Structure formats: structure tokens, C-alpha cells
$ cat data05.txt   # compact mmCIF, C-alpha atoms and all ligand atoms
# COMPACT_ATOMS: atom_id res chain seq x y z
CA MET W 243 0.00 0.00 0.00
CA TYR W 244 1.07 3.59 -0.33
CA LEU W 245 0.01 7.05 0.71
CA THR W 246 -1.24 9.40 -1.94
CA HIS W 247 -2.02 12.38 0.24
CA LEU W 248 -1.35 13.53 3.78
CA SER W 249 -3.01 16.43 5.48
CA LEU W 250 -2.32 17.67 8.98
CA THR W 251 -3.98 20.34 11.08
CA ASN W 252 -2.48 21.39 14.39
CA PHE W 253 -0.30 18.34 14.60
CA ARG W 254 2.94 19.22 16.44
CA ASN W 255 4.54 22.17 14.64
CA PHE W 256 2.38 21.73 11.52
CA THR W 257 -0.54 24.07 11.91
CA ARG W 258 -1.60 23.27 8.37
CA LEU W 259 -0.04 20.86 5.90
CA ASP W 260 -1.40 19.38 2.69
CA MET W 261 0.74 17.28 0.45
CA ASP W 262 0.43 14.78 -2.33
CA ILE W 263 2.86 11.93 -1.89
CA PRO W 264 4.36 9.95 -4.75
CA ARG W 265 4.93 6.23 -4.70
CA ARG W 266 8.40 4.77 -4.07
CA VAL W 267 10.96 6.74 -2.12
CA VAL W 268 10.57 10.22 -0.66
CA LEU W 269 13.50 11.92 1.01
CA LEU W 270 12.53 14.58 3.53
CA VAL W 271 15.53 16.79 3.96
CA GLY W 272 15.85 19.52 6.56
CA SER W 273 17.85 20.85 9.44
CA ASN W 274 17.08 20.02 13.05
CA ALA W 275 13.74 20.83 14.65
CA THR W 276 11.97 21.56 11.38
CA GLY W 277 9.41 18.75 11.75
CA LYS W 278 10.87 15.74 9.92
CA THR W 279 10.31 13.28 12.75
CA SER W 280 6.86 14.76 13.39
CA LEU W 281 5.86 13.97 9.81
CA LEU W 282 6.81 10.32 10.20
CA GLU W 283 5.12 10.31 13.58
CA ALA W 284 1.90 11.50 11.95
CA VAL W 285 1.99 8.76 9.33
CA TYR W 286 2.76 6.12 11.95
CA PHE W 287 -0.07 7.41 14.11
CA LEU W 288 -2.50 6.69 11.30
CA ALA W 289 -1.37 3.06 11.36
CA ALA W 290 -0.87 2.38 15.07
CA PHE W 291 -2.99 5.14 16.70
CA THR W 292 -0.14 5.73 19.07
CA SER W 293 3.16 7.57 18.74
CA PHE W 294 6.65 6.10 18.69
CA GLN W 295 7.87 9.18 20.55
CA THR W 296 5.43 9.64 23.38
CA HIS W 297 2.72 7.80 25.30
CA VAL W 298 0.94 11.09 25.89
CA ASP W 299 -1.30 11.85 22.92
CA ARG W 300 -2.00 15.42 23.96
CA GLN W 301 1.64 16.30 23.22
CA LEU W 302 0.83 15.71 19.56
CA VAL W 303 -1.62 18.60 19.39
CA ASN W 304 0.05 21.87 18.43
CA PHE W 305 0.88 23.50 21.75
CA ILE W 306 -0.45 26.93 20.86
CA GLU W 307 -3.75 25.42 19.70
CA ALA W 308 -3.82 23.23 22.83
CA LYS W 309 -4.08 26.35 25.04
CA LYS W 310 -7.61 26.90 23.77
CA PRO W 311 -10.40 25.40 25.86
CA LEU W 312 -11.37 23.21 22.91
CA ALA W 313 -8.54 22.21 20.58
CA VAL W 314 -8.49 19.78 17.71
CA GLY W 315 -5.53 18.14 15.97
CA ARG W 316 -6.37 16.39 12.75
CA LEU W 317 -4.54 13.83 10.61
CA VAL W 318 -5.85 12.61 7.28
CA ALA W 319 -4.29 9.98 5.06
CA GLU W 320 -5.45 9.09 1.61
CA TYR W 321 -3.92 5.83 0.49
CA ARG W 322 -4.24 2.94 -1.86
CA ARG W 323 -4.55 -0.55 -0.56
CA GLY W 324 -4.36 -2.92 -3.48
CA PRO W 325 -6.82 -1.71 -6.08
CA SER W 326 -8.92 0.43 -3.73
CA ALA W 327 -8.50 3.98 -2.48
CA HIS W 328 -9.26 4.95 1.11
CA ARG W 329 -9.38 7.91 3.42
CA LEU W 330 -8.53 7.65 7.07
CA GLU W 331 -8.92 10.52 9.49
CA VAL W 332 -7.93 10.82 13.13
CA ARG W 333 -9.15 13.67 15.29
CA LEU W 334 -7.38 14.41 18.53
CA ILE W 335 -9.91 16.40 20.47
CA LEU W 336 -8.82 18.20 23.61
CA GLU W 337 -11.96 19.15 25.46
CA PRO W 338 -12.62 20.73 28.83
CA THR W 339 -13.44 18.33 31.67
CA GLY W 340 -15.25 20.90 33.81
CA VAL W 341 -12.73 20.80 36.66
CA ASN W 342 -10.32 23.12 34.89
CA GLY W 343 -8.56 20.32 33.06
CA GLN W 344 -8.67 18.97 29.55
CA ARG W 345 -9.09 15.46 28.35
CA LEU W 346 -8.16 14.00 25.02
CA ARG W 347 -10.64 12.08 22.94
CA LYS W 348 -9.66 10.25 19.75
CA GLU W 349 -12.06 9.94 16.87
CA ILE W 350 -11.29 7.65 13.96
CA ILE W 351 -13.07 7.97 10.66
CA LEU W 352 -12.49 5.47 7.86
CA ASP W 353 -14.03 6.23 4.47
CA GLY W 354 -16.52 8.58 6.08
CA ASN W 355 -17.63 6.36 8.97
CA LYS W 356 -16.69 6.79 12.59
CA ARG W 357 -15.25 3.49 13.81
CA PRO W 358 -13.67 2.04 16.95
CA LEU W 359 -9.87 1.86 16.96
CA SER W 360 -9.74 -1.91 17.20
CA ASP W 361 -11.83 -2.18 14.00
CA VAL W 362 -9.68 0.14 11.95
CA ILE W 363 -6.19 -0.85 13.07
CA GLY W 364 -4.51 -2.84 10.32
CA HIS W 365 -6.28 -1.05 7.50
CA PHE W 366 -3.39 1.31 6.85
CA ASN W 367 -0.06 -0.24 7.76
CA ALA W 368 3.32 1.30 8.48
CA VAL W 369 6.60 0.07 9.87
CA VAL W 370 8.79 2.65 11.53
CA PHE W 371 12.51 2.54 12.11
CA VAL W 372 14.07 5.21 14.30
CA PRO W 373 17.46 5.06 16.02
CA GLN W 374 15.98 5.22 19.53
CA MET W 375 14.20 1.94 18.81
CA THR W 376 17.25 0.08 19.98
CA GLN W 377 15.30 0.39 23.23
CA ILE W 378 13.29 -2.59 22.05
CA VAL W 379 16.39 -4.67 22.62
CA GLU W 380 18.08 -2.68 25.36
CA SER W 381 15.17 -1.62 27.57
CA GLY W 382 12.88 -3.61 29.84
CA PRO W 383 10.32 -6.25 28.81
CA GLU W 384 7.56 -3.65 28.62
CA GLU W 385 9.15 -2.12 25.50
CA ARG W 386 9.31 -5.52 23.85
CA ARG W 387 5.69 -6.31 24.68
CA ARG W 388 4.69 -2.94 23.28
CA TYR W 389 6.67 -3.66 20.13
CA LEU W 390 4.99 -7.05 19.71
CA ASN W 391 1.53 -5.69 20.41
CA LEU W 392 1.86 -2.89 17.88
CA ALA W 393 3.20 -5.14 15.14
CA LEU W 394 0.60 -7.83 15.81
CA ALA W 395 -2.32 -5.41 16.13
CA GLN W 396 -1.58 -4.05 12.66
CA THR W 397 -1.28 -7.50 11.16
CA ILE W 398 -3.54 -9.99 12.88
CA PRO W 399 -7.26 -9.26 12.66
CA SER W 400 -8.91 -9.12 16.10
CA TYR W 401 -5.59 -9.02 18.00
CA ALA W 402 -6.21 -5.43 19.13
CA GLN W 403 -9.74 -6.27 20.22
CA THR W 404 -8.59 -9.35 22.15
CA LEU W 405 -5.82 -7.39 23.81
CA ASN W 406 -8.40 -4.81 24.92
CA GLU W 407 -10.59 -7.50 26.41
CA TYR W 408 -7.63 -9.04 28.18
CA THR W 409 -6.42 -5.73 29.60
CA GLN W 410 -9.88 -4.79 30.85
CA ALA W 411 -10.45 -8.19 32.45
CA LEU W 412 -6.98 -8.03 34.00
CA THR W 413 -7.75 -4.70 35.64
CA GLN W 414 -10.95 -6.13 37.11
CA ARG W 415 -9.24 -9.28 38.26
CA ASN W 416 -6.43 -7.33 39.92
CA ALA W 417 -8.96 -5.14 41.71
CA LEU W 418 -10.69 -8.25 43.03
CA LEU W 419 -7.41 -9.87 44.09
CA LYS W 420 -6.50 -6.71 45.97
CA LEU W 421 -9.89 -6.67 47.66
CA LEU W 422 -9.60 -10.33 48.65
CA ASN W 423 -6.11 -9.64 49.95
CA GLU W 424 -7.18 -6.68 52.07
CA ARG W 425 -10.60 -7.74 53.25
CA GLY W 426 -10.85 -11.43 52.56
CA GLY W 427 -14.13 -12.79 51.24
CA ASP W 428 -15.54 -15.21 48.75
CA GLN W 429 -12.80 -16.46 46.43
CA SER W 430 -15.26 -18.09 44.05
CA GLN W 431 -15.86 -14.67 42.48
CA LEU W 432 -12.47 -15.12 40.86
CA ALA W 433 -13.73 -17.96 38.70
CA PHE W 434 -15.49 -15.57 36.32
CA TRP W 435 -12.38 -13.44 35.80
CA ASP W 436 -10.18 -16.52 35.47
CA GLU W 437 -12.42 -17.65 32.62
CA THR W 438 -12.32 -14.23 31.00
CA ILE W 439 -8.58 -13.63 31.11
CA THR W 440 -7.70 -17.15 30.03
CA ARG W 441 -10.03 -16.94 27.03
CA SER W 442 -8.49 -13.73 25.69
CA GLY W 443 -5.05 -14.54 27.15
CA ALA W 444 -4.83 -17.84 25.29
CA SER W 445 -5.57 -16.10 21.97
CA ILE W 446 -2.82 -13.60 22.65
CA ILE W 447 -0.32 -16.31 23.57
CA LEU W 448 -1.19 -18.32 20.46
CA ALA W 449 -0.84 -15.27 18.22
CA ARG W 450 2.51 -14.41 19.78
CA ILE W 451 3.82 -17.96 19.39
CA SER W 452 3.17 -18.03 15.65
CA ALA W 453 4.14 -14.41 15.02
CA VAL W 454 7.48 -14.64 16.82
CA GLN W 455 8.27 -17.88 15.04
CA GLU W 456 7.52 -16.39 11.62
CA ILE W 457 9.33 -13.11 12.30
CA GLU W 458 12.32 -15.00 13.72
CA LYS W 459 12.70 -17.01 10.53
CA LEU W 460 12.68 -13.86 8.38
CA ALA W 461 14.84 -11.83 10.76
CA ALA W 462 17.46 -14.57 11.04
CA ARG W 463 17.81 -14.63 7.29
CA VAL W 464 18.26 -10.87 6.98
CA HIS W 465 20.59 -10.91 9.96
CA GLN W 466 22.80 -13.53 8.33
CA THR W 467 23.20 -11.31 5.32
CA LEU W 468 23.87 -8.25 7.45
CA THR W 469 26.52 -10.03 9.51
CA ARG W 470 28.01 -11.83 6.52
CA ARG W 471 27.08 -15.14 8.15
CA GLN W 472 29.06 -14.37 11.27
CA GLU W 473 26.09 -14.46 13.61
CA VAL W 474 22.89 -16.41 14.08
CA LEU W 475 19.95 -14.42 15.43
CA ARG W 476 17.27 -16.02 17.56
CA LEU W 477 14.05 -14.53 18.93
CA ASN W 478 13.06 -16.27 22.08
CA TYR W 479 9.45 -15.85 23.17
CA LEU W 480 9.10 -16.53 26.90
CA PRO W 481 5.44 -16.54 27.90
CA ALA W 482 4.87 -15.87 31.61
CA TYR W 483 2.28 -18.60 31.53
CA ASP W 484 4.12 -21.16 29.43
CA PRO W 485 1.72 -23.69 27.94
CA LEU W 486 4.53 -26.10 27.26
CA PRO W 487 5.17 -28.53 30.10
CA ARG W 488 8.70 -28.16 31.38
CA PRO W 489 11.01 -31.14 31.39
CA PRO W 490 10.93 -32.73 34.85
CA ARG W 491 13.22 -31.26 37.50
CA GLN W 492 14.14 -28.35 35.30
CA ILE W 493 13.14 -25.08 36.91
CA ALA W 494 14.15 -22.74 34.15
CA MET W 495 14.94 -23.54 30.55
CA PRO W 496 18.32 -22.40 29.38
CA LEU W 497 17.59 -19.23 27.43
CA ASN W 498 19.23 -20.57 24.33
CA THR W 499 17.11 -23.69 23.97
CA ALA W 500 14.91 -23.56 20.90
CA VAL W 501 11.42 -24.31 22.13
CA ASP W 502 8.74 -25.21 19.63
CA ARG W 503 5.27 -24.34 20.89
CA SER W 504 3.68 -24.30 17.46
CA MET W 505 1.77 -27.57 17.91
CA LEU W 506 -0.31 -26.19 20.77
CA THR W 507 -3.98 -25.47 20.16
CA LEU W 508 -5.96 -22.53 21.49
CA GLU W 509 -8.05 -24.82 23.66
CA GLU W 510 -4.99 -26.53 25.15
CA ILE W 511 -3.47 -23.18 26.04
CA ARG W 512 -6.73 -21.90 27.52
CA GLN W 513 -7.31 -24.95 29.67
CA GLY W 514 -3.72 -25.11 30.83
CA PHE W 515 -3.73 -21.42 31.70
CA LEU W 516 -6.99 -21.81 33.64
CA ARG W 517 -5.63 -24.79 35.57
CA ARG W 518 -2.43 -22.93 36.39
CA LEU W 519 -4.37 -19.94 37.72
CA GLY W 520 -6.19 -22.35 40.02
CA GLN W 521 -2.85 -23.60 41.31
CA VAL W 522 -1.47 -20.13 42.04
CA ARG W 523 -4.69 -18.68 43.43
CA SER W 524 -3.63 -18.35 47.06
CA GLU W 525 -0.29 -16.92 46.05
CA GLU W 526 -2.02 -14.36 43.83
CA ILE W 527 -4.40 -13.37 46.62
CA ALA W 528 -1.42 -13.00 48.97
CA ARG W 529 0.22 -10.68 46.46
CA GLY W 530 -3.01 -8.98 45.39
CA VAL W 531 -2.08 -9.11 41.71
CA THR W 532 -2.24 -11.35 38.62
CA THR W 533 1.20 -12.92 38.33
CA LEU W 534 0.80 -14.94 35.12
CA GLY W 535 -0.30 -14.10 31.61
CA PRO W 536 0.58 -12.17 28.46
CA HIS W 537 1.01 -8.91 30.43
CA ARG W 538 4.20 -10.44 31.87
CA ASP W 539 5.54 -12.12 28.72
CA GLU W 540 9.13 -11.64 27.59
CA LEU W 541 10.87 -11.67 24.26
CA ARG W 542 14.65 -12.01 24.12
CA PHE W 543 17.06 -11.45 21.27
CA LEU W 544 20.07 -13.74 21.03
CA ALA W 545 23.03 -13.57 18.68
CA ASN W 546 25.16 -16.68 18.66
CA GLY W 547 23.49 -17.63 21.91
CA ILE W 548 24.31 -14.36 23.65
CA ASP W 549 21.46 -12.35 25.11
CA LEU W 550 21.67 -8.96 23.41
CA SER W 551 19.62 -7.11 26.03
CA ASP W 552 22.35 -7.79 28.56
CA TYR W 553 25.50 -8.26 26.52
CA GLY W 554 24.91 -6.82 23.05
CA SER W 555 27.34 -4.23 21.68
CA ARG W 556 25.90 -1.05 20.09
CA GLY W 557 26.67 -2.46 16.67
CA GLN W 558 25.05 -5.82 17.38
CA VAL W 559 21.92 -4.17 18.74
CA ARG W 560 21.63 -1.90 15.70
CA THR W 561 22.09 -4.76 13.26
CA THR W 562 19.52 -6.82 15.13
CA LEU W 563 17.02 -4.01 15.03
CA LEU W 564 17.53 -3.50 11.32
CA ALA W 565 17.01 -7.22 10.74
CA LEU W 566 13.92 -7.15 12.93
CA LYS W 567 12.40 -4.20 11.09
CA LEU W 568 13.07 -5.62 7.64
CA ALA W 569 11.59 -8.92 8.81
CA GLU W 570 8.54 -7.12 10.15
CA ILE W 571 7.90 -5.61 6.72
CA GLU W 572 8.11 -8.97 5.00
CA TRP W 573 6.00 -10.59 7.66
CA MET W 574 3.25 -8.00 7.26
CA LYS W 575 3.34 -8.45 3.52
CA ALA W 576 3.11 -12.22 3.86
CA ARG W 577 0.23 -12.06 6.33
CA THR W 578 -1.82 -9.23 4.85
CA GLY W 579 -0.87 -9.33 1.18
CA GLN W 580 0.12 -5.65 1.37
CA TRP W 581 3.48 -3.95 1.76
CA PRO W 582 3.36 -1.56 4.71
CA VAL W 583 4.67 1.96 4.23
CA LEU W 584 8.20 2.16 5.60
CA LEU W 585 9.22 5.14 7.71
CA LEU W 586 12.90 5.70 8.41
CA ASP W 587 14.04 8.53 10.62
CA GLU W 588 17.72 9.42 10.20
CA VAL W 589 18.74 5.81 10.37
CA LEU W 590 21.42 5.89 7.73
CA ALA W 591 23.71 8.01 9.86
CA GLU W 592 23.74 5.18 12.36
CA LEU W 593 24.72 2.46 9.91
CA ASP W 594 28.07 1.63 8.37
CA THR W 595 28.48 1.77 4.59
CA GLN W 596 27.77 -1.90 4.03
CA ARG W 597 24.57 -1.97 6.14
CA ARG W 598 23.47 1.23 4.46
CA ALA W 599 23.84 -0.41 1.05
CA ASP W 600 21.99 -3.50 2.31
CA LEU W 601 19.11 -1.38 3.52
CA LEU W 602 18.85 0.68 0.34
CA ALA W 603 18.93 -2.46 -1.78
CA TYR W 604 16.12 -3.87 0.27
CA LEU W 605 13.88 -0.93 -0.55
CA GLU W 606 13.61 -2.05 -4.16
CA ASN W 607 10.83 -4.41 -3.05
CA ILE W 608 8.45 -2.19 -1.22
CA GLU W 609 5.88 0.24 -2.52
CA GLN W 610 6.68 3.34 -0.50
CA ALA W 611 9.30 4.55 1.94
CA LEU W 612 9.65 7.94 3.60
CA PHE W 613 13.15 8.84 4.74
CA THR W 614 14.22 11.80 6.77
CA THR W 615 17.73 13.14 6.78
CA THR W 616 19.70 16.23 7.61
CA ASP W 617 22.32 15.22 5.09
CA LEU W 618 21.74 13.95 1.54
CA LYS W 619 25.39 12.92 1.32
CA LEU W 620 24.59 9.83 3.36
CA PHE W 621 22.81 8.41 0.32
CA THR W 622 24.43 7.30 -2.89
CA PRO W 623 24.08 9.77 -5.77
CA GLU W 624 22.06 7.21 -7.77
CA PHE W 625 19.65 6.76 -4.91
CA VAL W 626 19.21 10.52 -4.43
CA GLU W 627 18.72 10.88 -8.17
CA ARG W 628 15.86 8.38 -8.24
CA ALA W 629 14.08 9.53 -5.08
CA THR W 630 11.67 12.42 -4.67
CA LYS W 631 13.39 15.07 -2.55
CA TRP W 632 11.47 17.51 -0.42
CA GLU W 633 12.74 20.18 1.92
CA VAL W 634 11.28 20.51 5.36
CA HIS W 635 11.36 23.99 6.92
CA ALA W 636 9.79 24.93 10.25
CA GLY W 637 6.33 23.40 9.95
CA GLU W 638 6.24 23.38 6.20
CA VAL W 639 7.26 21.06 3.32
CA ARG W 640 8.56 22.51 0.05
CA HIS W 641 8.72 20.64 -3.22
N1 LIG W 701 2.90 19.88 20.25
C1 LIG W 701 3.74 20.69 19.57
N2 LIG W 701 3.32 21.86 19.08
C2 LIG W 701 4.16 22.68 18.38
N3 LIG W 701 5.43 22.39 18.15
C3 LIG W 701 5.91 21.22 18.63
C4 LIG W 701 5.09 20.31 19.35
N4 LIG W 701 5.84 19.24 19.69
C5 LIG W 701 7.07 19.47 19.20
N5 LIG W 701 7.12 20.66 18.56
C6 LIG W 701 8.27 21.28 17.87
O1 LIG W 701 8.29 20.82 16.55
C7 LIG W 701 9.60 20.97 16.04
C8 LIG W 701 9.92 19.82 15.12
O2 LIG W 701 10.32 18.67 15.84
P1 LIG W 701 10.84 17.38 15.09
O3 LIG W 701 9.78 16.83 14.24
O4 LIG W 701 11.42 16.49 16.12
O5 LIG W 701 11.98 17.98 14.16
P2 LIG W 701 13.15 17.26 13.33
O6 LIG W 701 12.88 15.80 13.30
O7 LIG W 701 13.09 17.90 11.99
O8 LIG W 701 14.42 17.58 14.04
C9 LIG W 701 10.52 21.14 17.23
O9 LIG W 701 10.98 22.46 17.23
C10 LIG W 701 9.60 20.90 18.41
O10 LIG W 701 9.94 21.71 19.50
MG MG W 702 14.09 14.29 14.10
$ encode --input "data05.txt" --output "C-alpha cells"
Amino acid sequence: MYLTHLSLTNFRNFTRLDMDIPRRVVLLVGSNATGKTSLLEAVYFLAAFTSFQTHVDRQLVNFIEAKKPLAVGRLVAEYRRGPSAHRLEVRLILEPTGVNGQRLRKEIILDGNKRPLSDVIGHFNAVVFVPQMTQIVESGPEERRRYLNLALAQTIPSYAQTLNEYTQALTQRNALLKLLNERGGDQSQLAFWDETITRSGASIILARISAVQEIEKLAARVHQTLTRRQEVLRLNYLPAYDPLPRPPRQIAMPLNTAVDRSMLTLEEIRQGFLRRLGQVRSEEIARGVTTLGPHRDELRFLANGIDLSDYGSRGQVRTTLLALKLAEIEWMKARTGQWPVLLLDEVLAELDTQRRADLLAYLENIEQALFTTTDLKLFTPEFVERATKWEVHAGEVRH
């Protein structure tokens, strides 16, 4: 798929922007703080409905506009998905709460109809690659779960909806566990929430098992090329509730063991998860919190058996992330039949000449990529020649 038009109103430093976008490669060139990253952020927001820069959506609304009692930021993408053309609009509405605050409400409109987020996610797809994403490898498990959730929500129908159900049920279950912990009471009330979180939880675990396995296969192949066959990359999914029975007397699996969970069925996972919750019930009441489930899952990256989160060098982490991102694109294409739009924010500066060439060669496949850079010299002259080049100046794009 590819964007044909982007229009922004009061999004970051763009008070008003309207631009047609050609297919293939667009280079957005500009000095610092002109709005290059914000442009990619806007496009990504239309795919993921969240930012890769902030968890606070209100920061996206132009800050002068946001001072008004009622402020609206607006993002509109027109794009082609296979043979059909679509229009997707997101409104970020900052409205007064009454008690001298503001709250942000998101409205999503696809082809003229207001729709819930979980319905629309996956209709327009984008993969983003920014240097700070090495956090996926280097930071805590939360970043990796967020990464997985965002990639899966765009790709697997109903994943976002199931994740919502799980998260809501988890909140309720935790509240009940806390109550039982503090005041005691009838534990049988937990049965309902156990049923609910294991139903949605099992779907999430199953989706993660197959997704990680598929992405791993693709990422390992790219990674081999990038490392000139020096390293073997592995993605190790470690579900907090692991549906696979552990070998007897083994408390923890060695991290480097390849574990194949692909033969498990949804029903097996659900039943096993439910049984396990029964076994840990008193412990969970004592702690007042749900200790098992997809909200505690881990994903580890290993190169030649070494855990990159703990021991990866800068270079290894960068190469792994590049492999992961390129794999994600291919995976989305394989699953959805559509190439996602690729967004790359000043990544070339971070890569050595060889990796840069590998990345640029890879772009031949996809339908559209938006690059930002402060320096065109990072690209080969042939590449610059073939790409569409636009200049970004404070809140404005010039052709
Ligand atoms: N909510 C906002 N309203 C207005 N301006 C903003 C907002 N958020 C960030 N900015 C400003 O937008 C400018 C562009 O930022 P950015 O997109 O990161 O630039 P670049 O990637 O080109 O360096 C910065 O000067 C930043 O301070
Ligand atoms: Mg930037």
C-alpha cells in the first residue's frame, strides 16, 4: 500500500499541511527541529494510533492550539490498498473536563464512517525505524511487549480487540485480588475473571507464538546477510504462563534452547492457563495481583546464543534491530498481502556503509518509503537521483 495524500492540522509544529505523496521513495531533507520526525510520527499514528515518541497523545496537538479550551488536531491519510482507495482521518480532540482540566478524545473515521480503533487498526499499515528503537532490545520487557503488540495489532485481525478485552479483564481481576487480599471474602468470584482472562489470554499467547516464530525465521535470514554469516539471530518468546510442560526437574529452561510451541492449540493453552491460575490462586491473593499471563511475557534477542539485552554491543543491537524491522515488513506483507509503508528517521547516519547499502537495496521491493535526513550525502548519488526530494522547513514542506 502507499500514501497518496497527507493532510495535517495542528499536529505538532504543523498548523496546516497538505501534500500529495508519490509512490516509491521520498527523502525529507531539513535541518534540526523543522518537523521531519513529526511527519513520520503522523503517518505512523494513522497506522498504530499511538506515537513512537510519546505515550501522551496530547503532546501531539500543536501546543499553541492546545491552550484553547477546545482544541483539535487532525490527521488525514489518503492511500491505496491494493486496487482500492481509502481515506482515514484521526481527530485528537482536547476538550474541557469541567474541573479546569482537559481530556483527550480520539475519533477515527475510515471512508466517512466513525469506527472504533480496534476495527480500523490494520487497515493502513506502516513500519517505523528510528534510532531510539534500539530500546526494544536494550530496555525492559515492557518495550518488547509494546513492540509485539503494535506489530501484531496491525497485522492480525482481532488481536487489538482481544488485547483490549484481556487488559480490561486483568484490571478487574487485579482489583478483586486486591480486595480479597485486604478484606478477605468469597474467592469463588475469581472464577469468572479466570475464565475471561484465560479466554483472551490464550488467543494472545497463540498469536505471539506463531508471530514470533515467523518473524524469527525472516529476521534470522536478513541478519545472516547483514553479519556476513558471522552471527545467528534467535528470537526467544518466553510466555509468563508457558503452555509447554517443562522437562521434569528443570526449573528454568536455558535461554538458548529452541522451544517449539507451534503444535499447541488454542483450547490446550486456555485450559492449561486456567488450571495454572487455580494452582497459584492463594499466592495471587497473597500478592493482590495477577502474576501470570501475556502482560508479563518476555521476548529475548540472542546472537550466537548471547542475550543482546544484557550483553549486546551497540553495533550488534543496531544490526539486530535492522534485521527485525526488515523482517517485520516482510511478515506483514506475507500475512496481509500488502506492503506496509516504511518510515525511516535518520537511520542511515547510524549504519556503516555496508549496512546502508543492504538497507537501500532492500527498498527495491516495497511500494513506498519515507526517509528523513539532515544530510543527503549519506545516500548514494544514484539513490538521491531516483528519489523524490522535499525540503522541510519549520512546519512546512517545500517541493
Ligand atoms: N505539540 C507541539 N506543538 C508545536 N510544536 C511542537 C510540538 N511538539 C514538538 N514541537 C516542535 O516541533 C519541532 C519539530 O520537531 P521534530 O519533528 O522532532 O523535528 P526534526 O525531526 O526535523 O528535528 C521542534 O521544534 C519541536 O519543538
Ligand atoms: Mg528528528
$ closest_residue --input "data05.txt" --among "W:Glu380, W:Glu283, W:Asp361, W:Asp539" --to "W:Gly554" --atoms "all atoms listed in the file"
W:Glu380
$ residues_around --input "data05.txt" --residues "W:Glu349" --least-positions-apart "2" --cutoff "10 Å" --atoms "only C-alpha atoms" --output "ChimeraX atom specification"
/W:316,331-335,346-347,351,356-359
$ closest_residue --input "data05.txt" --among "W:Thr622, W:Gln472, W:Ser452, W:Gln295" --to "W:Ala545" --atoms "only C-alpha atoms"
W:Gln472
$ residues_near_ligand --input "data05.txt" --ligand "ligand LIG 701 (chain W)" --cutoff "10 Å" --atoms "only C-alpha atoms and all ligand atoms" --output "PyMOL selection string"
chain W and resi 252-257+270-284+295+299-308+315+587-588+614-616+634-637
$ closest_residue --input "data05.txt" --among "W:Ala569, W:Val589, W:Ala629, W:Met574" --to "ligand MG 702 (chain W)" --atoms "all atoms listed in the file"
W:Val589
$ closest_residue --input "data05.txt" --among "W:Gln513, W:Asn367, W:Gln344, W:Thr404" --to "W:Val314" --atoms "only C-alpha atoms"
W:Gln344
$ residues_around --input "data05.txt" --residues "W:Ala411" --least-positions-apart "4" --cutoff "12 Å" --atoms "only C-alpha atoms" --output "ChimeraX atom specification"
/W:404-407,415-418,432,434-443,532,535,537
$ atom_distance --input "data05.txt" --atom1 "atom CA of W:Val372" --atom2 "atom CA of W:Thr292"
15.0 Å
$ residues_around --input "data05.txt" --residues "stretch 320-329 of chain W" --least-positions-apart "6" --cutoff "9 Å" --atoms "all atoms listed in the file" --output "PDB file with C-alpha atoms, keeping the file's coordinate frame"
ATOM      1  CA  MET W 243       0.000   0.000   0.000  1.00  0.00           C
ATOM      2  CA  TYR W 244       1.070   3.590  -0.330  1.00  0.00           C
ATOM      3  CA  LEU W 245       0.010   7.050   0.710  1.00  0.00           C
ATOM      4  CA  THR W 246      -1.240   9.400  -1.940  1.00  0.00           C
ATOM      5  CA  HIS W 247      -2.020  12.380   0.240  1.00  0.00           C
ATOM      6  CA  LEU W 248      -1.350  13.530   3.780  1.00  0.00           C
ATOM      7  CA  SER W 249      -3.010  16.430   5.480  1.00  0.00           C
ATOM      8  CA  ILE W 351     -13.070   7.970  10.660  1.00  0.00           C
ATOM      9  CA  LEU W 352     -12.490   5.470   7.860  1.00  0.00           C
ATOM     10  CA  ASP W 353     -14.030   6.230   4.470  1.00  0.00           C
ATOM     11  CA  GLY W 354     -16.520   8.580   6.080  1.00  0.00           C
ATOM     12  CA  HIS W 365      -6.280  -1.050   7.500  1.00  0.00           C
ATOM     13  CA  PHE W 366      -3.390   1.310   6.850  1.00  0.00           C
ATOM     14  CA  GLY W 579      -0.870  -9.330   1.180  1.00  0.00           C
ATOM     15  CA  GLN W 580       0.120  -5.650   1.370  1.00  0.00           C
TER      16      GLN W 580
END
$ decode --input "data05.txt" --residues "stretch 463-474 of chain W" --atoms "N, CA and C atoms" --output "short mmCIF file (atom, residue, chain, number, x, y, z; two decimals), in the first residue's frame"
data_model
loop_
_atom_site.label_atom_id
_atom_site.label_comp_id
_atom_site.auth_asym_id
_atom_site.auth_seq_id
_atom_site.Cartn_x
_atom_site.Cartn_y
_atom_site.Cartn_z
N ARG W 463 17.27 -14.62 8.64
CA ARG W 463 17.81 -14.63 7.29
C ARG W 463 18.44 -13.27 6.94
N VAL W 464 17.72 -12.21 7.24
CA VAL W 464 18.26 -10.87 6.98
C VAL W 464 19.54 -10.66 7.80
N HIS W 465 19.47 -11.09 9.04
CA HIS W 465 20.59 -10.91 9.96
C HIS W 465 21.86 -11.62 9.47
N GLN W 466 21.67 -12.79 8.91
CA GLN W 466 22.80 -13.53 8.33
C GLN W 466 23.48 -12.73 7.24
N THR W 467 22.64 -12.14 6.39
CA THR W 467 23.20 -11.31 5.32
C THR W 467 23.93 -10.11 5.91
N LEU W 468 23.29 -9.46 6.87
CA LEU W 468 23.87 -8.25 7.45
C LEU W 468 25.19 -8.54 8.18
N THR W 469 25.30 -9.71 8.77
CA THR W 469 26.52 -10.03 9.51
C THR W 469 27.48 -10.89 8.68
N ARG W 470 27.17 -11.00 7.40
CA ARG W 470 28.01 -11.83 6.52
C ARG W 470 28.22 -13.21 7.13
N ARG W 471 27.12 -13.78 7.60
CA ARG W 471 27.08 -15.14 8.15
C ARG W 471 27.94 -15.34 9.40
N GLN W 472 28.27 -14.25 10.05
CA GLN W 472 29.06 -14.37 11.27
C GLN W 472 28.19 -14.70 12.49
N GLU W 473 26.93 -14.30 12.42
CA GLU W 473 26.09 -14.46 13.61
C GLU W 473 24.74 -15.09 13.27
N VAL W 474 24.22 -15.83 14.24
CA VAL W 474 22.89 -16.41 14.08
C VAL W 474 21.96 -15.73 15.09
#
